[in-house]
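Below is one structure, written out as structure tokens; the observations come after it.
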Amino acid sequence: MTKGEPPKTCAKRELSEETGFAAASVAPLPGLPRFYPAPGLTDELMHAFVATDLTPLQQRLEDDERIEVHPVPVQVLEQMIVNGDIIDAKTLLVWFTWKRSRRSS
């Protein structure tokens with residue numbers, strides 16, 4: 001996020017640059033709009049958004065970025081979590097919060 005850039009603007013930009021998708025709608029994740037991923041180690045504050053109605057574009061990675069996008073169905077993602085293929089805390093926190101917010105809707 002560049003200095004002074006609103007988190008939502010940053011999320012939209014990073015989504016298109018890093019994944020090669022644009023979203024018709026980007027909204028804060030209900031129940032977890034922001035969080036500290038490692039309090040006590042860093043003051044980094046992360047913002048979680050839900051992007052919907054995606055349209056494919058061209059990735060625009062920076063010279064030092066190496067990102068491969070592999071879209072998977074929700075059921076496959078859940079199985080990857082159960083199997084221990086996805087174990088990073090940020091992804092798990094956002095995933096479980098998103099899933100919980102869908103049950104509340």
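Ordering of the structure tokens sets the chain letters (A, B, ...); residue numbers start at 1 within each chain; ligands are numbered from 1 in the order shown.
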
Item to complete: Can you check which residues of chain A DSSP gives as alpha helix (DSSP H) on the backbone and send them as a ChimeraX atom specification?
Response: /A:7-14,74-83,89-104

Fill in: Shell of 12 Å around A:Ile81, only C-alpha atoms, local chain residues under 4 positions omitted, as JSON, numbers by chain
{"A": [74, 75, 76, 77, 85, 86, 87, 88, 89, 91, 92, 93, 95, 96]}

So that I have them on file, write out the residues from the current selection with N, CA and C atoms, as a JSON list (two decimals), in the first residue's frame.
[["chain", "number", "residue", "atom", "x", "y", "z"],
["A", 74, "VAL", "N", -14.31, -23.91, -4.45],
["A", 74, "VAL", "CA", -14.38, -23.82, -2.99],
["A", 74, "VAL", "C", -14.15, -25.18, -2.34],
["A", 75, "GLN", "N", -14.75, -26.23, -2.88],
["A", 75, "GLN", "CA", -14.62, -27.56, -2.28],
["A", 75, "GLN", "C", -13.15, -28.03, -2.33],
["A", 76, "VAL", "N", -12.45, -27.72, -3.38],
["A", 76, "VAL", "CA", -11.04, -28.10, -3.50],
["A", 76, "VAL", "C", -10.20, -27.34, -2.47],
["A", 77, "LEU", "N", -10.47, -26.05, -2.30],
["A", 77, "LEU", "CA", -9.75, -25.26, -1.30],
["A", 77, "LEU", "C", -9.97, -25.84, 0.09],
["A", 85, "ASP", "N", -2.41, -28.90, 3.05],
["A", 85, "ASP", "CA", -1.68, -28.29, 1.94],
["A", 85, "ASP", "C", -1.60, -26.78, 2.08],
["A", 86, "ILE", "N", -2.58, -26.19, 2.76],
["A", 86, "ILE", "CA", -2.59, -24.75, 3.04],
["A", 86, "ILE", "C", -2.51, -24.60, 4.55],
["A", 87, "ILE", "N", -1.42, -23.99, 5.03],
["A", 87, "ILE", "CA", -1.23, -23.89, 6.48],
["A", 87, "ILE", "C", -0.85, -22.49, 6.96],
["A", 88, "ASP", "N", -0.82, -21.51, 6.05],
["A", 88, "ASP", "CA", -0.44, -20.18, 6.53],
["A", 88, "ASP", "C", -1.61, -19.51, 7.24],
["A", 89, "ALA", "N", -1.31, -18.87, 8.37],
["A", 89, "ALA", "CA", -2.33, -18.33, 9.26],
["A", 89, "ALA", "C", -3.20, -17.26, 8.60],
["A", 91, "THR", "N", -4.11, -16.92, 5.43],
["A", 91, "THR", "CA", -5.08, -17.54, 4.53],
["A", 91, "THR", "C", -6.16, -18.25, 5.33],
["A", 92, "LEU", "N", -5.78, -19.00, 6.36],
["A", 92, "LEU", "CA", -6.75, -19.74, 7.17],
["A", 92, "LEU", "C", -7.70, -18.80, 7.89],
["A", 93, "LEU", "N", -7.18, -17.73, 8.47],
["A", 93, "LEU", "CA", -8.02, -16.77, 9.18],
["A", 93, "LEU", "C", -9.05, -16.14, 8.24],
["A", 95, "TRP", "N", -10.04, -17.26, 5.27],
["A", 95, "TRP", "CA", -10.94, -18.28, 4.74],
["A", 95, "TRP", "C", -12.06, -18.61, 5.73],
["A", 96, "PHE", "N", -11.69, -18.91, 6.98],
["A", 96, "PHE", "CA", -12.70, -19.30, 7.96],
["A", 96, "PHE", "C", -13.64, -18.14, 8.30]]

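Of the residues under consideration (A:Glu62, A:Glu78, A:Asp43, A:Asp53), A:Asp53 shows the shortest atom-to-atom contact distance to A:Ala23 when counting only C-alpha atoms.
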
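With only C-alpha atoms as the basis for measurement, A:Thr52 is the residue among A:Glu44, A:Pro39, A:Pro7, A:Thr52 that approaches A:Ser25 most closely.
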
Discussion item. List the spatial neighbours of A:Arg60 as a PyMOL selection string - criterion: any atom at most 9 Å away, only C-alpha atoms, same-chain residues fewer than 3 positions off excluded.
Written reply: chain A and resi 16-20

Would you output that residue set with C-alpha atoms, as a PDB file, in the first residue's frame?
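Dumped to part-v4.pdb:
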ATOM      1  CA  SER A  16      -5.455  -6.844 -10.859  1.00  0.00           C
ATOM      2  CA  GLU A  17      -1.651  -6.552 -10.798  1.00  0.00           C
ATOM      3  CA  GLU A  18      -0.899  -9.799  -8.971  1.00  0.00           C
ATOM      4  CA  THR A  19      -3.752 -12.111  -9.979  1.00  0.00           C
ATOM      5  CA  GLY A  20      -4.714 -10.730 -13.375  1.00  0.00           C
TER       6      GLY A  20
END

Worksheet item: What residues in chain A get the DSSP label strand (DSSP E or B)? Please answer as a PyMOL selection string.
Response: chain A and resi 21-28+34-35+46-47+49-56

Practice prompt. Using only C-alpha atoms, determine which residues lie at most 12 Å from A:Thr2, disregarding the query and same-chain residues fewer than 3 positions distant; provide the list as a list of chain:residue names.
Written response: A:Glu5, A:Pro6, A:Pro7, A:Lys8, A:Thr9, A:Cys10, A:Ala11, A:Arg13, A:Glu14

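What separates atom CA of A:Ala38 from atom CA of A:Val69 is a distance of 25.4 Å.
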
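Residue nearest A:Leu15, chosen from A:Gln59, A:Met1, A:Leu41, A:Pro33 and counting only C-alpha atoms: A:Gln59.
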
Practice prompt. Would you mind telling me which residue in A:Leu61, A:Ile67, A:Leu29, A:Val72 lies nearest to A:Ala48 when using only C-alpha atoms?
Written response: A:Leu29

Practice prompt. Counting only C-alpha atoms, figure out which residue out of A:Phe49, A:Leu54, A:Asn83, A:Arg102 gets nearest to A:Pro71.
Written response: A:Leu54

Contacts of A:Phe35 at 8 Å (only C-alpha atoms; same-chain gap of 2+ positions) as a tab-separated table (two decimals) with N, CA and C atoms, in the first residue's frame:
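Resulting contents of selection_22.tsv:
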chain	number	residue	atom	x	y	z
A	32	LEU	N	-14.04	-9.31	9.79
A	32	LEU	CA	-12.58	-9.24	9.84
A	32	LEU	C	-12.07	-8.24	8.80
A	33	PRO	N	-12.46	-6.97	8.92
A	33	PRO	CA	-12.00	-6.02	7.90
A	33	PRO	C	-10.50	-5.74	7.99
A	37	PRO	N	-1.21	-9.47	11.58
A	37	PRO	CA	-0.82	-10.87	11.38
A	37	PRO	C	0.22	-11.38	12.39
A	45	LEU	N	-0.42	-3.92	9.53
A	45	LEU	CA	-1.87	-4.07	9.63
A	45	LEU	C	-2.38	-4.53	8.28
A	46	MET	N	-3.08	-5.65	8.25
A	46	MET	CA	-3.61	-6.18	6.99
A	46	MET	C	-5.11	-5.90	6.92
A	47	HIS	N	-5.59	-5.73	5.70
A	47	HIS	CA	-7.00	-5.50	5.44
A	47	HIS	C	-7.51	-6.64	4.57
